[in-house]
Amino acid sequence: MKEGFFQLDKSKVTWFYILTILIASLAAYGYVKGYIVALAIPFLLILAIAAIFRFDLLIYLAVLVTPFSINLAKTGIGIGVSLPSEPLMFGIFLVFWIKILAEGGLDKRILKHPVTWMILIHLGWYTMITTLTSTMPVVSIKSTLARYCYVSVFYFSLLYLFIKKQNIHKFLWAYLLPLLGVCIITMLNQASAGFTEQNAHIAMVPYYNDHTAYAAVIALFIPVIIALLFENKINKTLKTFIFIVAALLITAIILSYTRAAWVALAGALGCLFIYILKIKNWVVYTGIGLVVLTYALFHVEITMYLERNDKTSSTDYTKHVQSIGNISTDDSNIERLNRWSCALRMFNEKPLLGYGPGTYMFQYGQFQKYSERSGISTNFAEGGGSHSEYLGPLSEQGILGPVTFILILAVLLQRSSTFLRRCANRNTRVLTKGIVLGLVTYIIHGGLNYFLDTEKLAVPFWGFIACLVAFDIYYSEHQQQELNQHSAA
């Protein structure tokens, strides 16, 4: 990989700053003279100059603005675009592939990595096959373009950026700091309303659609911020700041009243004990198999037991946790089961190719049964989509949709586990575990919700995958070279 992909010689850097200052001055002059529209053109020119001279800054900017971006579909404008994040990401997407073509293609180390292969297979099925056979081609093309954009910008381009290890920390903080700002704003909104459960569902609007997406992102970052807290050789001031950030994130997720996120964090904690106790992989796989087998054999009895649970969502945390298993009177749980049942019926109708990417919300209404509807049921997914990263793709892309997605995660976790066994650097091991556990929260959360079609979750999800692949590609090789030199000496 060419380290100069994001770098410039000194003369180009000088011109970059000169042009930026000049354009900014012109914008200020236009504003003073009353030409408000003059602010837009310099902004676009600055972005164009940055794309040419400092492409890495554009990527950080896209990450930085994501938590504060607002989806115009939720406003009076009614356009399904998040500003300013999505137009910026699309621009980076175009520039990145132009640069890649000019460089002669993707770096071979990236192309040869098994996670990249699984992603390409997933995208190939997602686009080349199921989009072409979609029942709603326009909807599927839009969904496909969004997925390509997210993967290109926050997997492939970040892998070029992460050739320098410090850039991984920059990426993490670029999302964490604005997320912290959203958390503070949300908690202040909750405080003004008396910390009621009802207000907790909407206090983060317009930055996040509801409390579930908001809590899912926080859950992703909690293991990471705790991992950063345990890194060596950081000064007391930074460690104190990291501790405060961790405390605020934990407080925010508790006040979100999001049961799925709590379950996800509990699952990540269980995985942490697997690391601490160094439990063998075969024991873990056997345990997972036994859980699946137990449910398959006793699912009727388990369902009957859950139907006897009448605890509902509440500000009483004990009752709120107990309500996770209430499938008889809790509308949120009943509706989730309704959406899953619809997804399975859609899959039964089109098991091989599905209805097409992005079509679930437009098609599932006809598959509802009156007996399964809840008090919040609708016909057009106003309250969310399929509520599953696995069943949603099953209905939209057929059997290979979730299978290829699960294989990405399985290969990634296997490679990360192998990397951890041979990693000699303590800080790298700690951060790798934090990122893996963060992804585990979303792997679990993905069974209960579906968010990867939004930039809010797509940015950290694909970015975390890029972090782990970067560790495996770059730092494994460096460590092996050091070992070889030491042996030769």
# chains A, B, ... in the order shown; residues from 1 in each chain; ligands from 1
call {"tool": "residues_around", "arguments": {"residues": "region 147-149 of chain A", "least_positions_apart": "4", "cutoff": "10 Å", "atoms": "only C-alpha atoms", "output": "ChimeraX atom specification"}}
result
/A:86,89-94,123,126-127,141-143,153-155,357,452-455,458
call {"tool": "write_last_selection", "arguments": {"atoms": "C-alpha atoms", "output": "PDB file, in the first residue's frame"}}
result
ATOM      1  CA  GLU A  86     -24.813  11.715   3.389  1.00  0.00           C
ATOM      2  CA  MET A  89     -20.106  10.604   2.156  1.00  0.00           C
ATOM      3  CA  PHE A  90     -21.303  10.300  -1.429  1.00  0.00           C
ATOM      4  CA  GLY A  91     -18.672  12.818  -2.524  1.00  0.00           C
ATOM      5  CA  ILE A  92     -15.957  10.868  -0.682  1.00  0.00           C
ATOM      6  CA  PHE A  93     -17.258   7.666  -2.283  1.00  0.00           C
ATOM      7  CA  LEU A  94     -16.813   9.115  -5.797  1.00  0.00           C
ATOM      8  CA  LEU A 123     -22.178  -6.972  -1.920  1.00  0.00           C
ATOM      9  CA  TYR A 126     -26.858  -7.782  -2.537  1.00  0.00           C
ATOM     10  CA  THR A 127     -26.475  -5.846  -5.776  1.00  0.00           C
ATOM     11  CA  ILE A 141     -31.077   0.615  -6.311  1.00  0.00           C
ATOM     12  CA  LYS A 142     -31.232   3.367  -3.685  1.00  0.00           C
ATOM     13  CA  SER A 143     -30.613   0.827  -0.895  1.00  0.00           C
ATOM     14  CA  VAL A 153     -15.996   5.062   2.679  1.00  0.00           C
ATOM     15  CA  PHE A 154     -15.886   3.343   6.067  1.00  0.00           C
ATOM     16  CA  TYR A 155     -14.234   0.056   5.178  1.00  0.00           C
ATOM     17  CA  PRO A 357     -33.050  -4.784  -0.897  1.00  0.00           C
ATOM     18  CA  LEU A 452     -27.309  -0.628   9.084  1.00  0.00           C
ATOM     19  CA  ASP A 453     -29.337   1.145   6.409  1.00  0.00           C
ATOM     20  CA  THR A 454     -28.653   4.414   8.286  1.00  0.00           C
ATOM     21  CA  GLU A 455     -25.348   6.275   8.444  1.00  0.00           C
ATOM     22  CA  ALA A 458     -23.143   2.122   9.401  1.00  0.00           C
TER      23      ALA A 458
END
call {"tool": "closest_atom_pairs", "arguments": {"of": "region 144-200 of chain A", "to": "region 219-243 of chain A", "cutoff": "12 Å", "atoms": "only C-alpha atoms", "output": "JSON lines"}}
result
{"residue": "A:Ile168", "atom": "CA", "partner": "A:Val224", "partner_atom": "CA", "distance": 11.7}
{"residue": "A:His169", "atom": "CA", "partner": "A:Leu228", "partner_atom": "CA", "distance": 9.2}
{"residue": "A:Leu172", "atom": "CA", "partner": "A:Val224", "partner_atom": "CA", "distance": 8.5}
{"residue": "A:Trp173", "atom": "CA", "partner": "A:Ile225", "partner_atom": "CA", "distance": 9.5}
{"residue": "A:Tyr175", "atom": "CA", "partner": "A:Phe221", "partner_atom": "CA", "distance": 9.3}
{"residue": "A:Leu176", "atom": "CA", "partner": "A:Phe221", "partner_atom": "CA", "distance": 7.5}
{"residue": "A:Leu177", "atom": "CA", "partner": "A:Ile242", "partner_atom": "CA", "distance": 10.8}
{"residue": "A:Leu179", "atom": "CA", "partner": "A:Phe221", "partner_atom": "CA", "distance": 9.6}
{"residue": "A:Leu180", "atom": "CA", "partner": "A:Phe221", "partner_atom": "CA", "distance": 10.5}
call {"tool": "write_last_selection", "arguments": {"atoms": "C-alpha atoms", "output": "PDB file, in the first residue's frame"}}
result
ATOM      1  CA  ILE A 168      -7.509   4.454  14.382  1.00  0.00           C
ATOM      2  CA  HIS A 169      -7.662   6.500  17.579  1.00  0.00           C
ATOM      3  CA  LEU A 172     -12.772   6.549  17.224  1.00  0.00           C
ATOM      4  CA  TRP A 173     -12.592   9.983  18.850  1.00  0.00           C
ATOM      5  CA  TYR A 175     -17.289   9.777  16.393  1.00  0.00           C
ATOM      6  CA  LEU A 176     -17.064   9.632  20.195  1.00  0.00           C
ATOM      7  CA  LEU A 177     -16.796  13.359  20.883  1.00  0.00           C
ATOM      8  CA  LEU A 179     -21.747  11.406  20.254  1.00  0.00           C
ATOM      9  CA  LEU A 180     -20.897  12.622  23.742  1.00  0.00           C
TER      10      LEU A 180
END
call {"tool": "atom_distance", "arguments": {"atom1": "CA of Lys280 (chain A)", "atom2": "CA of Leu437 (chain A)"}}
result
17.1 Å
call {"tool": "select_by_dssp", "arguments": {"residues": "region 89-209 of chain A", "states": "helix (DSSP H, G or I)", "output": "PyMOL selection string"}}
result
chain A and resi 89-103+108-112+114-129+137-161+166-192+197-200
call {"tool": "residues_around", "arguments": {"residues": "Thr359 (chain A)", "least_positions_apart": "3", "cutoff": "12 Å", "atoms": "only C-alpha atoms", "output": "number ranges by chain"}}
result
A: 130-131, 133-144, 343, 346, 354-356, 362-365, 380-381, 385-386, 392-397, 453
call {"tool": "atom_distance", "arguments": {"atom1": "CA of Ser256 (chain A)", "atom2": "CA of Gly270 (chain A)"}}
result
21.8 Å
call {"tool": "atom_distance", "arguments": {"atom1": "CA of Asp331 (chain A)", "atom2": "CA of Ser374 (chain A)"}}
result
5.7 Å
call {"tool": "closest_residue", "arguments": {"among": "A:Ala424, A:Ala215, A:Met187, A:Leu57", "to": "Leu161 (chain A)", "atoms": "only C-alpha atoms"}}
result
A:Leu57
call {"tool": "closest_residue", "arguments": {"among": "A:Ile435, A:Val469, A:Ile244, A:Val403", "to": "Ile121 (chain A)", "atoms": "only C-alpha atoms"}}
result
A:Val403
call {"tool": "closest_residue", "arguments": {"among": "A:Ala213, A:Ala62, A:Leu188, A:Leu448", "to": "Ala260 (chain A)", "atoms": "only C-alpha atoms"}}
result
A:Leu448
call {"tool": "closest_residue", "arguments": {"among": "A:Val81, A:Lys433, A:His445, A:Tyr474", "to": "Leu272 (chain A)", "atoms": "only C-alpha atoms"}}
result
A:Lys433
call {"tool": "closest_residue", "arguments": {"among": "A:Ser388, A:Tyr60, A:Ser85, A:His201", "to": "Tyr442 (chain A)", "atoms": "only C-alpha atoms"}}
result
A:Ser388
call {"tool": "residues_around", "arguments": {"residues": "Ile185 (chain A)", "least_positions_apart": "6", "cutoff": "12 Å", "atoms": "only C-alpha atoms", "output": "MDAnalysis selection string"}}
result
chainID A and resid 67:68 178:179 191:192 202:208 248 252
call {"tool": "residues_around", "arguments": {"residues": "Ala268 (chain A)", "least_positions_apart": "6", "cutoff": "8 Å", "atoms": "only C-alpha atoms", "output": "PDB file with N, CA, C and O atoms, in the first residue's frame"}}
result
ATOM      1  N   LEU A 437     -15.599  -6.486  21.251  1.00  0.00           N
ATOM      2  CA  LEU A 437     -16.750  -6.512  22.157  1.00  0.00           C
ATOM      3  C   LEU A 437     -17.788  -5.469  21.751  1.00  0.00           C
ATOM      4  O   LEU A 437     -18.994  -5.689  21.901  1.00  0.00           O
ATOM      5  N   GLY A 438     -17.327  -4.336  21.219  1.00  0.00           N
ATOM      6  CA  GLY A 438     -18.268  -3.359  20.691  1.00  0.00           C
ATOM      7  C   GLY A 438     -19.085  -3.934  19.554  1.00  0.00           C
ATOM      8  O   GLY A 438     -20.314  -3.772  19.505  1.00  0.00           O
ATOM      9  N   VAL A 440     -19.643  -7.081  19.077  1.00  0.00           N
ATOM     10  CA  VAL A 440     -20.500  -8.124  19.655  1.00  0.00           C
ATOM     11  C   VAL A 440     -21.823  -7.522  20.129  1.00  0.00           C
ATOM     12  O   VAL A 440     -22.887  -8.130  19.953  1.00  0.00           O
ATOM     13  N   THR A 441     -21.766  -6.312  20.699  1.00  0.00           N
ATOM     14  CA  THR A 441     -23.024  -5.688  21.140  1.00  0.00           C
ATOM     15  C   THR A 441     -23.966  -5.505  19.955  1.00  0.00           C
ATOM     16  O   THR A 441     -25.172  -5.718  20.088  1.00  0.00           O
TER      17      THR A 441
END
call {"tool": "residues_around", "arguments": {"residues": "Phe162 (chain A)", "least_positions_apart": "3", "cutoff": "10 Å", "atoms": "only C-alpha atoms", "output": "mmCIF file with N, CA, C and O atoms, in the first residue's frame"}}
result
data_model
loop_
_atom_site.group_PDB
_atom_site.id
_atom_site.type_symbol
_atom_site.label_atom_id
_atom_site.label_comp_id
_atom_site.auth_asym_id
_atom_site.auth_seq_id
_atom_site.Cartn_x
_atom_site.Cartn_y
_atom_site.Cartn_z
ATOM 1 N N SER A 157 -11.812 2.853 2.311
ATOM 2 C CA SER A 157 -10.980 4.054 2.431
ATOM 3 C C SER A 157 -10.309 4.137 3.804
ATOM 4 O O SER A 157 -9.168 4.574 3.920
ATOM 5 N N LEU A 158 -11.009 3.683 4.853
ATOM 6 C CA LEU A 158 -10.404 3.704 6.187
ATOM 7 C C LEU A 158 -9.217 2.749 6.280
ATOM 8 O O LEU A 158 -8.267 3.009 7.031
ATOM 9 N N LEU A 159 -9.234 1.667 5.524
ATOM 10 C CA LEU A 159 -8.092 0.751 5.546
ATOM 11 C C LEU A 159 -6.831 1.426 5.022
ATOM 12 O O LEU A 159 -5.721 1.122 5.463
ATOM 13 N N LYS A 165 -1.251 3.702 12.786
ATOM 14 C CA LYS A 165 -2.031 3.228 13.917
ATOM 15 C C LYS A 165 -2.757 4.356 14.650
ATOM 16 O O LYS A 165 -3.882 4.178 15.132
ATOM 17 N N GLN A 166 -2.117 5.539 14.724
ATOM 18 C CA GLN A 166 -2.746 6.642 15.450
ATOM 19 C C GLN A 166 -4.037 7.111 14.788
ATOM 20 O O GLN A 166 -4.894 7.722 15.427
ATOM 21 N N ASN A 167 -4.189 6.796 13.498
ATOM 22 C CA ASN A 167 -5.411 7.206 12.804
ATOM 23 C C ASN A 167 -6.628 6.417 13.274
ATOM 24 O O ASN A 167 -7.763 6.883 13.131
ATOM 25 N N ILE A 168 -6.399 5.229 13.816
ATOM 26 C CA ILE A 168 -7.509 4.454 14.382
ATOM 27 C C ILE A 168 -8.081 5.192 15.584
ATOM 28 O O ILE A 168 -9.300 5.325 15.735
ATOM 29 N N HIS A 169 -7.199 5.710 16.434
ATOM 30 C CA HIS A 169 -7.662 6.500 17.579
ATOM 31 C C HIS A 169 -8.378 7.763 17.119
ATOM 32 O O HIS A 169 -9.395 8.162 17.702
ATOM 33 N N LYS A 170 -7.858 8.415 16.082
ATOM 34 C CA LYS A 170 -8.496 9.624 15.564
ATOM 35 C C LYS A 170 -9.916 9.326 15.079
ATOM 36 O O LYS A 170 -10.844 10.102 15.314
ATOM 37 N N PHE A 171 -10.086 8.194 14.381
ATOM 38 C CA PHE A 171 -11.408 7.802 13.898
ATOM 39 C C PHE A 171 -12.368 7.584 15.069
ATOM 40 O O PHE A 171 -13.508 8.067 15.055
ATOM 41 N N ALA A 466 -13.118 -2.263 9.777
ATOM 42 C CA ALA A 466 -11.880 -1.791 9.162
ATOM 43 C C ALA A 466 -10.740 -1.747 10.184
ATOM 44 O O ALA A 466 -9.591 -2.092 9.854
ATOM 45 N N CYS A 467 -11.034 -1.341 11.428
ATOM 46 C CA CYS A 467 -10.011 -1.327 12.482
ATOM 47 C C CYS A 467 -9.418 -2.718 12.688
ATOM 48 O O CYS A 467 -8.187 -2.891 12.729
ATOM 49 N N VAL A 469 -9.519 -5.389 10.693
ATOM 50 C CA VAL A 469 -8.815 -5.881 9.499
ATOM 51 C C VAL A 469 -7.469 -5.172 9.367
ATOM 52 O O VAL A 469 -6.461 -5.790 8.987
ATOM 53 N N ALA A 470 -7.415 -3.876 9.697
ATOM 54 C CA ALA A 470 -6.157 -3.135 9.642
ATOM 55 C C ALA A 470 -5.139 -3.721 10.618
ATOM 56 O O ALA A 470 -3.961 -3.890 10.277
ATOM 57 N N PHE A 471 -5.576 -4.040 11.828
ATOM 58 C CA PHE A 471 -4.684 -4.701 12.785
ATOM 59 C C PHE A 471 -4.125 -5.992 12.178
ATOM 60 O O PHE A 471 -2.930 -6.265 12.261
ATOM 61 N N TYR A 474 -1.741 -5.008 8.785
ATOM 62 C CA TYR A 474 -0.517 -4.236 8.950
ATOM 63 C C TYR A 474 0.314 -4.655 10.143
ATOM 64 O O TYR A 474 1.512 -4.902 10.030
#
call {"tool": "select_by_dssp", "arguments": {"residues": "region 49-186 of chain A", "states": "strand (DSSP E)", "output": "number ranges by chain"}}
result
A: 70-71, 82-83
call {"tool": "residues_around", "arguments": {"residues": "region 112-117 of chain A", "least_positions_apart": "3", "cutoff": "9 Å", "atoms": "only C-alpha atoms", "output": "ChimeraX atom specification"}}
result
/A:107-109,120-122,156,407-409,411-412,415,465,469,472-473
